[in-house]
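Printed here is final05.txt (compact mmCIF, C-alpha atoms):
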# COMPACT_ATOMS: atom_id res chain seq x y z
CA MET P 1 58.57 121.43 73.92
CA ALA P 2 60.87 118.64 74.97
CA LYS P 3 64.31 119.67 76.24
CA ILE P 4 67.55 117.91 76.99
CA VAL P 5 68.31 119.42 80.36
CA ALA P 6 71.41 117.49 81.43
CA GLY P 7 73.90 114.77 80.61
CA VAL P 8 75.04 111.95 82.86
CA TRP P 9 78.13 109.89 82.12
CA THR P 10 79.10 106.73 83.90
CA SER P 11 80.95 103.45 83.50
CA HIS P 12 78.67 100.42 83.31
CA VAL P 13 80.87 97.71 84.83
CA PRO P 14 78.88 94.46 85.22
CA ALA P 15 80.48 93.74 88.61
CA ILE P 16 78.81 96.92 89.93
CA GLY P 17 75.42 95.42 89.08
CA ALA P 18 76.40 92.13 90.71
CA ALA P 19 77.56 93.96 93.86
CA LEU P 20 74.18 95.72 94.08
CA ASP P 21 72.14 92.64 93.34
CA LEU P 22 74.05 90.50 95.84
CA GLY P 23 73.86 93.11 98.62
CA LYS P 24 77.60 93.87 98.75
CA THR P 25 77.29 97.65 98.64
CA ALA P 26 78.40 98.11 102.25
CA GLU P 27 81.77 96.41 101.68
CA PRO P 28 84.63 98.94 101.73
CA TYR P 29 85.70 98.00 98.19
CA TRP P 30 82.24 98.81 96.86
CA GLN P 31 81.63 101.77 99.19
CA ARG P 32 84.52 103.46 97.41
CA VAL P 33 82.56 103.09 94.15
CA PHE P 34 78.98 103.71 95.32
CA GLY P 35 80.03 106.64 97.49
CA GLY P 36 80.71 108.55 94.27
CA TYR P 37 77.05 108.28 93.25
CA GLU P 38 75.33 109.48 96.42
CA LYS P 39 75.19 113.08 95.24
CA SER P 40 74.06 111.90 91.79
CA LYS P 41 71.07 110.01 93.18
CA GLU P 42 69.96 113.08 95.14
CA TRP P 43 70.46 115.24 92.07
CA ILE P 44 68.40 113.09 89.71
CA ALA P 45 65.64 112.69 92.30
CA LYS P 46 65.25 116.47 92.20
CA VAL P 47 65.60 116.81 88.43
CA LYS P 48 62.86 114.19 87.87
CA PRO P 49 63.43 113.51 84.19
CA ASP P 50 60.42 112.32 82.18
CA VAL P 51 62.63 110.44 79.76
CA CYS P 52 66.24 109.29 79.82
CA ILE P 53 67.96 108.54 76.54
CA VAL P 54 70.62 105.98 77.44
CA VAL P 55 73.52 105.56 75.03
CA PHE P 56 75.07 102.18 75.73
CA ASN P 57 76.48 99.15 74.03
CA ASP P 58 75.10 95.69 73.82
CA HIS P 59 77.62 93.07 74.96
CA ALA P 60 76.69 90.17 72.69
CA THR P 61 73.24 89.97 74.25
CA ALA P 62 70.61 91.34 71.88
CA PHE P 63 72.96 91.35 68.89
CA SER P 64 74.99 88.28 68.02
CA VAL P 65 77.49 88.27 65.15
CA ASP P 66 74.65 87.70 62.67
CA ILE P 67 73.84 91.39 62.46
CA VAL P 68 75.87 94.19 64.04
CA PRO P 69 74.16 97.58 63.76
CA THR P 70 76.43 100.58 64.27
CA PHE P 71 73.66 102.71 65.79
CA ALA P 72 70.39 101.15 66.97
CA LEU P 73 67.42 103.06 68.39
CA GLY P 74 65.08 101.29 70.81
CA CYS P 75 61.54 102.10 69.71
CA ALA P 76 59.66 99.44 71.72
CA ALA P 77 57.25 100.00 74.61
CA GLU P 78 59.43 97.91 76.90
CA PHE P 79 62.79 96.20 77.10
CA ALA P 80 63.34 93.20 79.37
CA PRO P 81 66.56 92.76 81.38
CA ALA P 82 68.59 90.01 79.70
CA ASP P 83 70.05 86.76 81.00
CA GLU P 84 73.77 87.29 80.33
CA GLY P 85 74.72 83.82 81.51
CA TRP P 86 74.26 84.31 85.24
CA GLY P 87 70.45 84.77 85.03
CA PRO P 88 68.71 88.15 84.44
CA ARG P 89 69.47 90.99 86.87
CA PRO P 90 66.62 91.45 89.37
CA VAL P 91 65.79 94.93 88.10
CA PRO P 92 62.53 96.38 86.75
CA VAL P 93 61.54 96.05 83.12
CA VAL P 94 62.68 99.13 81.20
CA LYS P 95 59.71 101.12 79.88
CA GLY P 96 60.36 102.87 76.58
CA HIS P 97 58.91 106.02 75.05
CA PRO P 98 57.88 104.74 71.61
CA GLU P 99 56.40 108.07 70.44
CA LEU P 100 59.50 110.13 71.18
CA ALA P 101 61.70 107.33 69.83
CA ALA P 102 59.72 107.26 66.57
CA HIS P 103 60.04 111.04 66.37
CA ILE P 104 63.83 110.76 66.86
CA ALA P 105 63.96 108.17 64.06
CA GLN P 106 62.02 110.52 61.75
CA SER P 107 64.30 113.43 62.45
CA VAL P 108 67.72 111.85 62.88
CA ILE P 109 67.58 109.49 59.89
CA GLN P 110 66.59 112.35 57.64
CA ASP P 111 69.51 114.27 59.13
CA ASP P 112 71.82 111.68 57.54
CA PHE P 113 72.31 109.26 60.46
CA ASP P 114 71.29 105.78 59.37
CA LEU P 115 69.88 104.42 62.61
CA THR P 116 68.65 100.85 62.86
CA VAL P 117 65.15 100.83 64.34
CA VAL P 118 64.79 98.11 66.97
CA ASN P 119 61.39 96.91 68.17
CA LYS P 120 62.54 93.98 70.26
CA MET P 121 65.65 94.08 72.39
CA GLU P 122 66.64 92.64 75.71
CA VAL P 123 68.94 95.00 77.56
CA ASP P 124 72.07 93.96 79.39
CA HIS P 125 74.29 95.47 82.11
CA GLY P 126 75.39 98.20 79.68
CA LEU P 127 71.98 99.81 80.11
CA THR P 128 70.78 98.59 83.51
CA VAL P 129 73.91 99.26 85.61
CA PRO P 130 73.83 103.03 84.92
CA LEU P 131 70.11 103.07 85.84
CA SER P 132 70.88 101.27 89.11
CA LEU P 133 73.71 103.67 89.92
CA MET P 134 71.49 106.71 89.37
CA PHE P 135 68.12 105.45 90.63
CA GLY P 136 69.06 102.78 93.19
CA GLN P 137 66.82 99.74 93.52
CA PRO P 138 63.22 100.90 92.96
CA GLU P 139 60.19 98.71 92.16
CA GLU P 140 59.81 100.59 88.88
CA TRP P 141 62.28 102.87 87.09
CA PRO P 142 61.02 106.42 87.72
CA CYS P 143 61.04 107.50 84.06
CA GLN P 144 60.75 106.23 80.53
CA ILE P 145 63.94 105.14 78.80
CA ILE P 146 65.00 105.28 75.16
CA PRO P 147 67.96 102.96 74.55
CA VAL P 148 70.48 103.96 71.88
CA ALA P 149 72.86 101.06 71.26
CA VAL P 150 76.25 101.83 69.67
CA ASN P 151 78.46 99.07 68.30
CA VAL P 152 81.79 99.06 70.10
CA VAL P 153 82.26 95.28 70.03
CA LEU P 154 83.15 94.77 66.37
CA PHE P 155 85.97 97.02 65.18
CA PRO P 156 85.63 99.69 63.93
CA PRO P 157 83.02 101.48 66.03
CA PRO P 158 81.83 104.84 64.72
CA SER P 159 84.33 107.67 65.12
CA GLY P 160 84.17 110.04 68.06
CA LYS P 161 83.25 112.87 65.74
CA ARG P 162 80.41 110.85 64.24
CA CYS P 163 79.14 110.03 67.72
CA PHE P 164 79.28 113.67 68.78
CA ASN P 165 77.36 114.75 65.69
CA LEU P 166 74.74 112.05 66.25
CA GLY P 167 74.23 113.55 69.70
CA ALA P 168 73.64 116.96 68.13
CA ALA P 169 71.08 115.43 65.76
CA ILE P 170 69.31 113.76 68.70
CA ARG P 171 69.17 117.14 70.47
CA LYS P 172 67.60 118.73 67.42
CA ALA P 173 65.04 115.92 67.25
CA VAL P 174 64.13 116.17 70.95
CA GLU P 175 63.75 119.95 70.73
CA SER P 176 61.26 119.60 67.89
CA TYR P 177 59.02 117.23 69.86
CA PRO P 178 55.85 119.11 70.84
CA GLU P 179 55.20 117.62 74.28
CA ASP P 180 56.80 119.24 77.34
CA LEU P 181 59.30 116.63 78.45
CA ARG P 182 62.42 116.85 80.56
CA VAL P 183 65.03 114.66 78.97
CA VAL P 184 68.37 113.59 80.44
CA ILE P 185 70.87 111.85 78.17
CA PHE P 186 73.26 109.20 79.49
CA GLY P 187 76.64 108.32 78.01
CA THR P 188 77.86 105.00 79.39
CA GLY P 189 80.78 102.58 79.23
CA GLY P 190 84.51 103.01 79.75
CA MET P 191 86.61 104.35 81.22
CA SER P 192 90.05 102.84 80.55
CA HIS P 193 89.95 99.06 80.63
CA GLN P 194 91.08 95.99 78.79
CA ILE P 195 89.44 92.70 79.62
CA SER P 196 90.77 90.60 76.74
CA GLY P 197 94.10 88.87 76.19
CA PRO P 198 97.48 89.07 77.91
CA ARG P 199 97.31 92.89 78.23
CA ALA P 200 94.10 92.68 80.32
CA GLY P 201 94.03 94.97 83.34
CA LEU P 202 95.31 98.05 81.57
CA ILE P 203 94.25 101.30 83.26
CA ASN P 204 95.27 104.82 82.29
CA SER P 205 94.08 107.35 84.86
CA ASP P 206 95.82 110.28 83.15
CA PHE P 207 93.96 109.55 79.92
CA ASP P 208 90.65 109.14 81.75
CA ARG P 209 90.99 112.34 83.76
CA ALA P 210 91.92 114.31 80.65
CA PHE P 211 88.88 112.84 78.89
CA LEU P 212 86.55 113.90 81.72
CA GLU P 213 88.08 117.37 81.70
CA SER P 214 87.58 117.61 77.96
CA LEU P 215 83.90 116.67 78.22
CA ALA P 216 83.38 119.29 80.89
CA THR P 217 85.35 122.12 79.28
CA ASP P 218 86.32 121.51 75.65
CA PRO P 219 84.74 118.48 73.98
CA SER P 220 86.62 119.13 70.72
CA LYS P 221 89.72 117.53 72.25
CA ALA P 222 87.96 114.27 73.07
CA THR P 223 86.11 114.32 69.78
CA ASN P 224 89.40 114.21 67.87
CA ILE P 225 90.81 111.13 69.62
CA ARG P 226 91.42 108.37 67.08
CA HIS P 227 90.48 104.73 67.64
CA ILE P 228 94.11 103.58 67.78
CA GLU P 229 94.77 106.07 70.57
CA TYR P 230 91.83 104.84 72.67
CA MET P 231 93.01 101.25 72.29
CA ARG P 232 96.70 101.89 72.89
CA GLU P 233 96.24 104.34 75.75
CA ALA P 234 93.01 103.23 77.42
CA GLY P 235 92.83 99.52 76.59
CA ALA P 236 91.14 97.61 73.79
CA GLU P 237 87.75 97.94 75.47
CA GLY P 238 88.43 101.56 76.50
CA ILE P 239 87.13 102.44 73.05
CA GLU P 240 83.67 102.35 74.66
CA MET P 241 84.36 105.99 75.52
CA VAL P 242 83.24 107.06 72.03
CA MET P 243 79.71 106.54 73.35
CA TRP P 244 80.24 109.33 75.87
CA LEU P 245 80.57 111.71 72.94
CA VAL P 246 77.03 111.01 71.72
CA ALA P 247 75.70 112.34 75.01
CA ARG P 248 78.08 115.31 74.99
CA GLY P 249 77.00 116.23 71.47
CA ALA P 250 73.42 116.37 72.70
CA LEU P 251 74.23 119.24 75.10
CA SER P 252 74.98 122.81 74.16
CA ASN P 253 78.30 124.57 74.76
CA ASN P 254 76.73 126.27 77.72
CA VAL P 255 77.04 123.65 80.46
CA GLU P 256 77.64 123.69 84.17
CA GLU P 257 79.36 120.86 85.98
CA VAL P 258 77.33 119.38 88.84
CA HIS P 259 79.46 116.42 89.82
CA ARG P 260 82.61 114.54 88.84
CA PHE P 261 83.93 111.28 90.27
CA TYR P 262 86.73 108.90 89.38
CA THR P 263 88.05 105.76 91.05
CA VAL P 264 90.12 102.70 90.20
CA PRO P 265 89.17 99.89 90.07
CA ALA P 266 85.77 98.26 89.89
CA SER P 267 86.71 94.71 88.98
CA ASN P 268 88.79 95.24 85.79
CA THR P 269 87.82 98.79 85.02
CA ALA P 270 88.35 102.44 85.87
CA VAL P 271 85.10 104.08 86.94
CA GLY P 272 84.38 107.60 85.74
CA HIS P 273 81.29 109.68 86.30
CA LEU P 274 80.25 113.18 85.31
CA ILE P 275 77.07 115.23 85.39
CA LEU P 276 76.63 118.40 83.35
CA GLU P 277 73.51 120.57 83.32
CA ASP P 278 72.65 122.33 80.11
CA ARG P 279 72.34 126.06 80.82
CA ASP P 280 70.63 126.78 77.53
CA SER P 281 67.55 125.19 79.05
CA GLY P 282 67.37 127.65 81.93
CA PRO P 283 69.56 129.89 84.05
CA THR P 284 69.10 128.24 87.45
CA SER P 285 70.34 124.97 88.78
CA LEU P 286 67.83 122.24 87.96
CA ALA P 287 68.19 120.51 91.28
CA ALA P 288 67.57 123.77 93.15
CA GLU P 289 64.14 124.34 91.60
CA MET R 1 95.27 88.50 48.60
CA GLU R 2 97.03 89.30 51.87
CA ARG R 3 95.32 92.06 53.73
CA GLN R 4 97.26 95.22 54.49
CA SER R 5 98.71 95.45 57.97
CA ARG R 6 96.73 97.62 60.31
CA GLU R 7 97.93 100.07 62.90
CA TYR R 8 96.22 98.24 65.75
CA GLU R 9 98.09 95.02 65.05
CA ASP R 10 101.02 96.67 66.84
CA ILE R 11 99.22 96.72 70.21
CA PRO R 12 100.80 93.98 72.33
CA GLY R 13 98.78 91.24 73.97
CA THR R 14 95.68 92.28 72.07
CA THR R 15 93.60 90.71 69.31
CA VAL R 16 91.32 93.35 67.83
CA PHE R 17 87.94 91.88 66.90
CA ASP R 18 87.51 93.22 63.37
CA ALA R 19 85.33 91.90 60.54
CA ASP R 20 88.02 89.37 59.51
CA GLN R 21 88.22 87.94 63.03
CA CYS R 22 84.44 88.04 63.25
CA ARG R 23 84.07 85.88 60.14
CA LYS R 24 86.77 83.47 61.33
CA GLY R 25 85.22 83.11 64.76
CA TYR R 26 81.57 83.02 63.72
CA GLY R 27 81.08 79.46 65.02
CA ILE R 28 82.78 80.08 68.37
CA ASN R 29 80.78 83.23 68.97
CA MET R 30 77.43 81.73 67.96
CA PHE R 31 78.15 78.75 70.22
CA CYS R 32 78.87 81.12 73.11
CA MET R 33 75.73 83.09 72.29
CA SER R 34 73.65 79.92 72.60
CA LEU R 35 74.75 79.69 76.24
CA LEU R 36 72.50 82.65 77.08
CA LYS R 37 69.71 80.08 77.48
CA ALA R 38 69.76 78.08 80.70
CA GLU R 39 68.68 74.85 78.96
CA ASN R 40 71.56 75.16 76.49
CA ARG R 41 74.02 75.65 79.33
CA GLU R 42 72.77 72.40 80.83
CA ALA R 43 72.99 70.54 77.51
CA PHE R 44 76.54 71.80 76.95
CA LYS R 45 77.65 70.72 80.43
CA LYS R 46 76.31 67.21 79.82
CA ASP R 47 78.18 66.66 76.54
CA GLU R 48 80.59 69.46 75.63
CA ALA R 49 82.08 67.96 72.45
CA GLY R 50 78.73 66.75 71.16
CA TYR R 51 77.09 70.10 71.82
CA LEU R 52 79.75 71.87 69.71
CA VAL R 53 79.22 69.78 66.54
CA PRO R 54 76.40 71.83 64.92
CA PHE R 55 78.46 75.02 65.29
CA LYS R 56 81.04 73.71 62.78
CA LEU R 57 84.18 74.87 64.59
CA THR R 58 87.60 74.03 63.17
CA PRO R 59 89.51 71.34 65.11
CA GLU R 60 91.73 74.09 66.61
CA GLN R 61 88.70 76.09 67.70
CA THR R 62 87.08 73.01 69.22
CA GLU R 63 90.23 72.24 71.16
CA ALA R 64 90.52 75.82 72.40
CA VAL R 65 86.94 75.69 73.69
CA LEU R 66 87.24 72.27 75.33
CA LYS R 67 90.58 73.16 76.95
CA ARG R 68 89.31 76.60 77.97
CA ASP R 69 92.24 78.23 76.19
CA TRP R 70 90.81 81.74 76.61
CA ASN R 71 93.56 83.49 74.63
CA GLY R 72 93.41 80.78 71.95
CA MET R 73 89.69 81.38 71.48
CA LEU R 74 90.31 85.11 70.95
CA LYS R 75 93.09 84.45 68.43
CA GLN R 76 90.80 82.15 66.50
CA GLY R 77 88.07 84.72 66.17
CA GLY R 78 86.31 84.57 69.49
CA ASN R 79 85.31 87.85 71.09
CA ILE R 80 85.62 88.43 74.82
CA TYR R 81 81.97 89.41 75.29
CA PHE R 82 80.97 86.11 73.72
CA THR R 83 83.57 83.92 75.45
CA ALA R 84 82.49 85.54 78.73
CA LYS R 85 79.27 83.54 78.39
CA LEU R 86 81.29 80.33 78.42
CA ALA R 87 83.06 81.66 81.51
CA ALA R 88 79.68 82.34 83.13
CA THR R 89 78.60 78.80 82.28
CA ASP R 90 81.72 77.58 84.08
CA GLY R 91 80.81 79.73 87.08
CA LEU R 92 83.78 82.04 86.58
CA SER R 93 83.75 85.80 87.05
CA PHE R 94 85.10 88.19 84.45
CA GLN R 95 88.05 88.91 86.70
CA GLN R 96 88.93 85.23 87.04
CA VAL R 97 89.05 84.85 83.26
CA ALA R 98 91.05 88.07 82.90
CA ALA R 99 93.60 86.69 85.38
CA MET R 100 93.88 83.47 83.35
CA MET R 101 94.45 85.38 80.10
CA THR R 102 97.29 87.34 81.68
CA GLY R 103 98.93 84.24 83.11
CA SER R 104 98.54 85.38 86.71
CA THR R 105 96.66 84.02 89.68
CA GLN R 106 93.40 85.68 90.55
CA GLN R 107 95.02 87.14 93.68
CA GLN R 108 97.95 88.59 91.72
CA TYR R 109 95.56 90.06 89.18
CA ALA R 110 93.22 91.49 91.82
CA ASP R 111 96.22 93.01 93.62
CA MET R 112 97.43 94.58 90.38
CA MET R 113 93.99 96.13 89.81
CA LEU R 114 93.81 97.44 93.39
CA ALA R 115 97.23 99.02 92.91
CA GLY R 116 95.88 100.98 89.93
CA GLY R 117 95.96 98.40 87.15
CA ARG R 118 98.48 97.68 84.41
CA SER R 119 100.26 100.87 83.37
CA PRO R 120 100.21 101.87 79.70
CA ASN R 121 103.94 102.54 80.04
CA GLY R 122 105.82 99.69 78.41
CA ASN R 123 102.55 98.25 77.08
CA ARG R 124 101.78 100.46 74.09
CA SER R 125 103.64 98.69 71.31
CA LYS R 126 104.80 95.21 70.41
CA SER R 127 108.38 96.51 70.25
CA GLU R 128 108.18 97.33 73.96
CA TRP R 129 107.17 93.76 74.78
CA ALA R 130 109.93 92.38 72.53
CA ASN R 131 112.49 94.48 74.42
CA LYS R 132 111.09 93.41 77.76
CA ASN R 133 111.28 89.71 76.90
CA GLY R 134 114.50 89.81 74.88
Starting from the coordinates I provided, produce the structure as structure tokens.
Amino acid sequence: MAKIVAGVWTSHVPAIGAALDLGKTAEPYWQRVFGGYEKSKEWIAKVKPDVCIVVFNDHATAFSVDIVPTFALGCAAEFAPADEGWGPRPVPVVKGHPELAAHIAQSVIQDDFDLTVVNKMEVDHGLTVPLSLMFGQPEEWPCQIIPVAVNVVLFPPPSGKRCFNLGAAIRKAVESYPEDLRVVIFGTGGMSHQISGPRAGLINSDFDRAFLESLATDPSKATNIRHIEYMREAGAEGIEMVMWLVARGALSNNVEEVHRFYTVPASNTAVGHLILEDRDSGPTSLAAE
Amino acid sequence: MERQSREYEDIPGTTVFDADQCRKGYGINMFCMSLLKAENREAFKKDEAGYLVPFKLTPEQTEAVLKRDWNGMLKQGGNIYFTAKLAATDGLSFQQVAAMMTGSTQQQYADMMLAGGRSPNGNRSKSEWANKNG
């Protein structure tokens, strides 16, 4: 049976991708950011997931304002890195897992979540920057990827509670898939940031740290945060953090923290990162196996 | 009918991109979206005003785009993730545009971010900005 064995959360700041692609990782400014992911790269190399489900948001790349799906599930065999205006990132094509994705659609839609099925989608920094942070710069990504795109561009995004419950439905779907697969789920975006208008540059480390703590110890607190609170406290674009709750909802209550990292800033944004292993999928540390 | 006021309209220095703004800014955003293609970026650079015509912007929207009034574009329905593509076409980074929207130089803005960013204190409500300026 397929199992969700861990969750990974990380900001997906585009400047992080640019720093990697332009070979700036050794600069002290960027060392402060990338240093927080060294342990994570070692960890995921040992965990060797077969599939990563990456919850992210499209930044006006695959979806214009013609159609804005609240939740979109990537069911294609592959997803090409998009040209976001600076040319596509020099990263590998993202290989999907169409069979598991189709199974998730079957299960989750009939569990009352009206996902939009997507068979063609270019993926932007929202999806590729987290992969780069976790896997470095390989020739091919070492696992298959199922993108789950959440609308956080057009207000209102889905509520935190809705996102959390979607995660639980995804877990149920994965656990009913007959093939033995190790699945890691990513929650991406955030943390506090505002990149629009005269209030741009807003950062709220207290809010971010409390959010990380809530994910690790008591997700019900984070799940109850209202949209207005995200925007007031963590910046208009800080509302991306609702996506983190999808990934948290896909883990059980029985989790063990592997790694936590927080730094300010990367470009305009606070960078947060967390890894939790799901202990319902086995008593020993995954990376120690 | 006037729409009811919404809680988020009280956040200072912020235009929330809701469905009303989205409808208003449809042309701006679809224009920006077209800049994802390299050949369109070239065509726009050659004749900015002419390139905008098929997108049916209002005169105010056209002026905001041509003058690179980044806050003006947001007020008139543009969304930052879309207008960022115009910034990319101009060869600007996200941080450079953010600095412009806040009325600071790029150095001032970068220094503010390095010092931990803009605090939420004093920046939560329009009344706080009114007090600060009045």
(request) Provide as number ranges by chain the residues of chain R at most 8 Å from chain P, counting all atoms listed in the file. (result) R: 7-8, 11-19, 22, 26, 29-30, 33, 35-38, 70-71, 74, 80-82, 85, 88-89, 94-95, 98-99, 101-103, 109-110, 112-114, 116-120, 123-125
Just to be explicit: take each residue in the selection above, keep C-alpha atoms, and write the result as a short mmCIF file (atom, residue, chain, number, x, y, z; two decimals), keeping the file's coordinate frame.
data_model
loop_
_atom_site.label_atom_id
_atom_site.label_comp_id
_atom_site.auth_asym_id
_atom_site.auth_seq_id
_atom_site.Cartn_x
_atom_site.Cartn_y
_atom_site.Cartn_z
CA GLU R 7 97.93 100.07 62.90
CA TYR R 8 96.22 98.24 65.75
CA ILE R 11 99.22 96.72 70.21
CA PRO R 12 100.80 93.98 72.33
CA GLY R 13 98.78 91.24 73.97
CA THR R 14 95.68 92.28 72.07
CA THR R 15 93.60 90.71 69.31
CA VAL R 16 91.32 93.35 67.83
CA PHE R 17 87.94 91.88 66.90
CA ASP R 18 87.51 93.22 63.37
CA ALA R 19 85.33 91.90 60.54
CA CYS R 22 84.44 88.04 63.25
CA TYR R 26 81.57 83.02 63.72
CA ASN R 29 80.78 83.23 68.97
CA MET R 30 77.43 81.73 67.96
CA MET R 33 75.73 83.09 72.29
CA LEU R 35 74.75 79.69 76.24
CA LEU R 36 72.50 82.65 77.08
CA LYS R 37 69.71 80.08 77.48
CA ALA R 38 69.76 78.08 80.70
CA TRP R 70 90.81 81.74 76.61
CA ASN R 71 93.56 83.49 74.63
CA LEU R 74 90.31 85.11 70.95
CA ILE R 80 85.62 88.43 74.82
CA TYR R 81 81.97 89.41 75.29
CA PHE R 82 80.97 86.11 73.72
CA LYS R 85 79.27 83.54 78.39
CA ALA R 88 79.68 82.34 83.13
CA THR R 89 78.60 78.80 82.28
CA PHE R 94 85.10 88.19 84.45
CA GLN R 95 88.05 88.91 86.70
CA ALA R 98 91.05 88.07 82.90
CA ALA R 99 93.60 86.69 85.38
CA MET R 101 94.45 85.38 80.10
CA THR R 102 97.29 87.34 81.68
CA GLY R 103 98.93 84.24 83.11
CA TYR R 109 95.56 90.06 89.18
CA ALA R 110 93.22 91.49 91.82
CA MET R 112 97.43 94.58 90.38
CA MET R 113 93.99 96.13 89.81
CA LEU R 114 93.81 97.44 93.39
CA GLY R 116 95.88 100.98 89.93
CA GLY R 117 95.96 98.40 87.15
CA ARG R 118 98.48 97.68 84.41
CA SER R 119 100.26 100.87 83.37
CA PRO R 120 100.21 101.87 79.70
CA ASN R 123 102.55 98.25 77.08
CA ARG R 124 101.78 100.46 74.09
CA SER R 125 103.64 98.69 71.31
#
(message) Would you pick out the contacts of Ala173 of chain P at 7 Å or less, using only C-alpha atoms, so that residues sharing its chain but fewer than 6 positions from it are not included, and give the list as a PyMOL selection string?
(response) chain P and resi 104+107-108
(request) Counting all atoms listed in the file, figure out which residue out of R:Lys24, R:Cys32, R:Lys132, R:Ser5 gets nearest to Thr58 of chain R. (result) R:Lys24
(request) Choose the residue, out of P:Glu42, P:Asp208, P:Asp114, P:Glu99, that has the smallest atom-to-atom separation from Tyr177 of chain P; count all atoms listed in the file. (result)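 Residue with the minimum atom-to-atom distance to Tyr177 of chain P: P:Glu99.
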(request) Identify, on the basis of only C-alpha atoms, every residue whose closest approach to segment 19-23 of chain P does not exceed 8 Å; exclude the query and any residue fewer than 4 positions from it along the same chain; express the result as a PyMOL selection string. (result) chain P and resi 15+30+89-90
Could you write those residues out with C-alpha atoms, as a CSV table (one decimal), in the coordinates of the input?
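This is the output file out-v4.csv:
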chain,number,residue,atom,x,y,z
P,15,ALA,CA,80.5,93.7,88.6
P,30,TRP,CA,82.2,98.8,96.9
P,89,ARG,CA,69.5,91.0,86.9
P,90,PRO,CA,66.6,91.4,89.4
(request) Provide the atom CA of Glu139 of chain P to atom CA of Tyr262 of chain P distance in Å, to one decimal place. (result)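 A separation of 28.6 Å between them.
Each of P:Ala72, P:Ile170, P:Ile239, P:Val47 was compared to Leu251 of chain P using all atoms listed in the file, and P:Ile170 turns out to be the nearest.
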(request) Determine the nearest neighbour of Leu100 of chain P from the options P:Gly189, P:Gly238, P:Gly272, P:Pro147, counting only C-alpha atoms. (result) P:Pro147
(message) Would you compute the distance between atom CA of Asn224 of chain P and atom CA of His12 of chain P? Give it in Å to one decimal.
(response) 23.3 Å
(request) Please work out which residues fall within 8 Å of (79.9, 122.1, 80.6), coordinates as given in the file, with only C-alpha atoms counting, and return them as a ChimeraX atom specification. (result) /P:215-217,253-257,276-278
